[in-house]
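Text of the file protein.txt, holding compact mmCIF, C-alpha atoms:
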# COMPACT_ATOMS: atom_id res chain seq x y z
CA MET D 11 -3.22 121.31 -64.27
CA LEU D 12 -4.20 120.29 -67.81
CA LEU D 13 -4.28 123.03 -70.40
CA CYS D 14 -5.83 121.26 -73.33
CA LEU D 15 -7.57 117.90 -73.57
CA LEU D 16 -7.89 116.64 -77.10
CA ALA D 17 -9.03 113.03 -76.78
CA PRO D 18 -9.63 110.38 -74.09
CA ALA D 19 -6.73 107.99 -73.52
CA ALA D 20 -6.70 104.22 -73.01
CA ALA D 21 -6.56 102.67 -69.53
CA LEU D 22 -3.10 101.95 -68.13
CA ALA D 23 -1.59 98.83 -66.65
CA GLN D 24 -1.67 98.33 -62.88
CA GLN D 25 0.53 100.79 -60.94
CA GLN D 26 3.81 99.79 -59.33
CA VAL D 27 3.77 100.05 -55.54
CA ALA D 28 7.04 100.80 -53.80
CA ALA D 29 7.92 99.83 -50.23
CA PRO D 30 9.68 102.31 -47.94
CA ALA D 31 13.34 102.77 -48.87
CA THR D 32 16.13 100.78 -47.28
CA ALA D 33 19.83 101.65 -47.31
CA GLU D 34 20.42 99.00 -50.00
CA ASP D 35 18.12 100.61 -52.56
CA LEU D 36 19.13 104.28 -52.43
CA PRO D 37 18.86 106.63 -54.20
CA ARG D 38 15.18 105.93 -54.87
CA PHE D 39 12.11 107.91 -55.90
CA LEU D 40 9.03 107.86 -53.69
CA SER D 41 5.97 110.09 -53.64
CA LEU D 42 4.37 112.08 -50.85
CA SER D 43 1.49 110.13 -49.28
CA ALA D 44 0.24 112.98 -47.05
CA THR D 45 -1.62 116.14 -47.99
CA GLU D 46 0.80 118.12 -45.81
CA ALA D 47 4.38 117.25 -44.87
CA ASN D 48 7.27 119.04 -43.21
CA LEU D 49 10.76 118.97 -44.65
CA ARG D 50 13.09 119.26 -41.66
CA ALA D 51 16.73 120.28 -41.27
CA GLY D 52 17.55 116.96 -39.59
CA PRO D 53 16.13 113.51 -38.83
CA GLY D 54 13.65 114.21 -36.02
CA THR D 55 10.83 116.48 -34.90
CA ASP D 56 13.28 118.50 -32.79
CA HIS D 57 14.87 119.88 -36.00
CA PRO D 58 13.47 123.05 -37.58
CA VAL D 59 11.00 122.90 -40.47
CA LEU D 60 12.56 124.10 -43.73
CA TRP D 61 9.53 123.71 -46.02
CA VAL D 62 5.92 122.58 -45.75
CA TYR D 63 4.65 120.65 -48.78
CA GLN D 64 0.88 120.71 -49.29
CA ARG D 65 0.41 118.53 -52.33
CA ARG D 66 -0.07 114.80 -52.24
CA HIS D 67 1.89 112.59 -54.69
CA LEU D 68 4.84 114.96 -55.19
CA PRO D 69 7.95 112.97 -56.14
CA PHE D 70 11.04 113.05 -53.92
CA LEU D 71 14.43 111.46 -54.41
CA VAL D 72 15.43 109.59 -51.25
CA ILE D 73 19.19 109.94 -50.85
CA ASP D 74 19.82 108.68 -47.30
CA ARG D 75 18.16 107.09 -44.30
CA TYR D 76 18.58 107.39 -40.55
CA ARG D 77 16.31 105.15 -38.47
CA ASP D 78 12.73 106.14 -39.42
CA TRP D 79 13.78 109.30 -41.27
CA LEU D 80 14.55 109.70 -44.97
CA GLN D 81 16.78 112.41 -46.40
CA VAL D 82 15.12 113.63 -49.58
CA ARG D 83 15.64 116.05 -52.48
CA ASP D 84 12.79 117.82 -54.29
CA TRP D 85 12.51 119.05 -57.90
CA GLN D 86 14.20 122.36 -56.99
CA GLY D 87 17.18 120.67 -55.34
CA GLU D 88 16.03 121.42 -51.78
CA GLU D 89 17.20 118.75 -49.34
CA GLY D 90 15.97 117.82 -45.90
CA TRP D 91 14.43 115.04 -43.84
CA MET D 92 10.93 113.49 -43.76
CA HIS D 93 9.52 110.69 -41.67
CA LYS D 94 9.30 107.44 -43.66
CA ASN D 95 5.50 107.26 -43.17
CA LEU D 96 5.09 110.35 -45.37
CA LEU D 97 6.57 108.74 -48.50
CA ARG D 98 5.29 105.79 -50.53
CA GLY D 99 4.84 104.47 -54.06
CA PRO D 100 3.56 104.35 -56.74
CA ARG D 101 6.07 106.53 -58.53
CA THR D 102 5.10 109.91 -59.84
CA LEU D 103 6.85 112.61 -61.79
CA ARG D 104 6.52 116.39 -61.83
CA VAL D 105 6.65 118.44 -65.01
CA VAL D 106 9.34 121.11 -64.65
CA ALA D 107 9.23 122.38 -68.25
CA GLU D 108 6.92 125.25 -69.17
CA PHE D 109 4.71 122.92 -71.26
CA LYS D 110 4.96 119.21 -72.02
CA GLU D 111 3.00 117.55 -74.79
CA LEU D 112 1.36 114.21 -73.99
CA PHE D 113 1.06 111.89 -77.00
CA ARG D 114 -0.99 108.74 -77.61
CA ALA D 115 2.22 106.78 -78.47
CA PRO D 116 5.95 107.34 -77.77
CA ASP D 117 6.37 109.31 -80.99
CA GLU D 118 5.97 113.04 -81.70
CA SER D 119 4.05 112.21 -84.88
CA SER D 120 1.30 110.37 -82.93
CA ASP D 121 -1.93 112.06 -81.81
CA LEU D 122 -1.64 114.79 -79.19
CA VAL D 123 -3.64 113.86 -76.07
CA ALA D 124 -3.00 116.88 -73.82
CA VAL D 125 -0.58 119.67 -72.98
CA LEU D 126 0.70 119.63 -69.40
CA GLU D 127 1.71 122.78 -67.51
CA THR D 128 4.67 123.23 -65.21
CA GLY D 129 3.94 121.60 -61.86
CA VAL D 130 1.61 118.87 -63.09
CA VAL D 131 2.14 115.66 -61.13
CA ALA D 132 1.53 112.46 -63.10
CA ASN D 133 1.48 108.78 -62.16
CA LEU D 134 4.38 107.02 -63.86
CA THR D 135 3.69 103.68 -65.53
CA GLY D 136 7.02 103.08 -67.23
CA CYS D 137 9.71 104.48 -69.53
CA GLU D 138 11.43 103.36 -72.71
CA GLU D 139 14.00 105.08 -74.92
CA GLY D 140 13.52 108.55 -73.43
CA TRP D 141 9.70 108.40 -73.35
CA CYS D 142 7.52 107.83 -70.27
CA GLN D 143 3.96 106.57 -70.09
CA VAL D 144 1.97 108.55 -67.52
CA ARG D 145 -1.55 109.10 -66.22
CA VAL D 146 -3.03 112.39 -65.03
CA GLY D 147 -6.56 111.82 -63.77
CA ARG D 148 -8.34 109.87 -66.51
CA ILE D 149 -5.93 110.99 -69.21
CA SER D 150 -2.96 108.84 -70.15
CA GLY D 151 -0.25 109.04 -72.76
CA TRP D 152 3.44 109.34 -73.46
CA LEU D 153 5.74 112.30 -72.89
CA GLN D 154 9.40 112.88 -73.52
CA ALA D 155 11.31 112.24 -70.32
CA THR D 156 13.42 115.40 -70.47
CA GLN D 157 12.40 118.22 -68.13
CA CYS D 158 10.49 116.01 -65.73
CA PHE D 159 11.56 115.38 -62.13
CA GLY D 160 11.14 111.90 -60.73
CA LEU D 161 13.12 109.88 -63.25
CA TYR D 162 16.38 107.98 -62.99
CA ARG D 163 19.19 108.84 -65.42
CA GLU D 164 18.64 105.63 -67.42
CA GLU D 165 14.94 106.53 -67.90
CA LEU D 166 15.87 109.83 -69.55
CA GLY D 167 17.21 108.04 -72.61
CA GLY D 168 20.23 108.84 -74.72
So, in terms of structure tokens, how does the structure I just supplied come out?
Amino acid sequence: MLLCLLAPAAALAQQQVAAPATAEDLPRFLSLSATEANLRAGPGTDHPVLWVYQRRHLPFLVIDRYRDWLQVRDWQGEEGWMHKNLLRGPRTLRVVAEFKELFRAPDESSDLVAVLETGVVANLTGCEEGWCQVRVGRISGWLQATQCFGLYREELGG
């Protein structure tokens, strides 16, 4: 949800598309490709459902794999299993801070583009020195990487 739109942003570069995770490339962030997905206690439909996610593009950290099932962790630290067909790229991130300012450039003195609320899911284009370039709908800009879920430690900066 966008709270305040101040100016249109420039178009972004083409999105990165990620293939389903393999054991060699874990941990790895992928995003939810379905509008509804069950998080299960184990790898299979015979295991109980722990949570039902009803929002496409939510980021998940894939931490393990068993056959066609991926063990994932969400932004709240909840862990469980999802079928591999439910998770894909491109990468997204979820704002976990109360408000995050989106700037035109990776600098707090640049123009403010928007203010993002907790729970906003943005398409991730790339990160540098603790700043990430994102797109939310037709709005794009840079935000500080802290207090966002969906980023690797090295993307958070120093």
Which is closer to Pro37 (chain D) than all the others in D:Val59, D:Leu97, D:Ile73, D:Leu126, using only C-alpha atoms? D:Ile73
In file coordinates, which residues lie within 9 Å of (13.6, 112.8, -44.8) using all atoms listed in the file, given as a ChimeraX atom specification? /D:49-54,72-76,78-83,89-94,96-97
Could you please determine the separation between CA of Phe39 (chain D) and CA of Pro58 (chain D) in Å, to one decimal place?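 Spanning CA of Phe39 (chain D) to CA of Pro58 (chain D) is a straight-line distance of 23.8 Å.
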For CA of Trp85 (chain D) and CA of Pro116 (chain D), quote the distance in Å rounded to one decimal. 24.0 Å
D:Leu68, D:Ala47, D:Val125, D:Leu60: which is nearest Phe159 (chain D), counting only C-alpha atoms? D:Leu68
Need the axis-aligned box for region 118-128 of chain D with 8 Å each side, so what are the centre and edges in Å to one decimal, as AutoDock Vina command-line options?
--center_x 1.2 --center_y 116.8 --center_z -75.0 --size_x 25.6 --size_y 28.9 --size_z 35.7
All residues 12 Å or closer to Asp117 (chain D), all atoms listed in the file, same chain fewer than 4 positions away omitted, as a compact mmCIF listing (two decimals) with C-alpha atoms, in the coordinates of the input:
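Generated file (part.txt):
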# COMPACT_ATOMS: atom_id res chain seq x y z
CA GLU D 111 3.00 117.55 -74.79
CA LEU D 112 1.36 114.21 -73.99
CA PHE D 113 1.06 111.89 -77.00
CA ASP D 121 -1.93 112.06 -81.81
CA LEU D 122 -1.64 114.79 -79.19
CA GLU D 138 11.43 103.36 -72.71
CA GLU D 139 14.00 105.08 -74.92
CA GLY D 140 13.52 108.55 -73.43
CA TRP D 141 9.70 108.40 -73.35
CA CYS D 142 7.52 107.83 -70.27
CA GLN D 143 3.96 106.57 -70.09
CA GLY D 151 -0.25 109.04 -72.76
CA TRP D 152 3.44 109.34 -73.46
CA LEU D 153 5.74 112.30 -72.89
CA GLN D 154 9.40 112.88 -73.52
Kindly provide, as a count of residues only, the polymer residues lying within 10 Å of (-0.7, 118.6, -64.7), counting only C-alpha atoms and using the coordinates exactly as they appear in the file. 19
Using all atoms listed in the file for the distances, tell me which of D:Leu134, D:Gly167, D:Glu88, D:Val123 is nearest to Ile149 (chain D).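 So, comparing all the options, the nearest one is D:Val123.
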For CA of Ser150 (chain D) and CA of Thr45 (chain D), quote the distance in Å rounded to one decimal.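 Pair CA of Ser150 (chain D) / CA of Thr45 (chain D) returns 23.4 Å.
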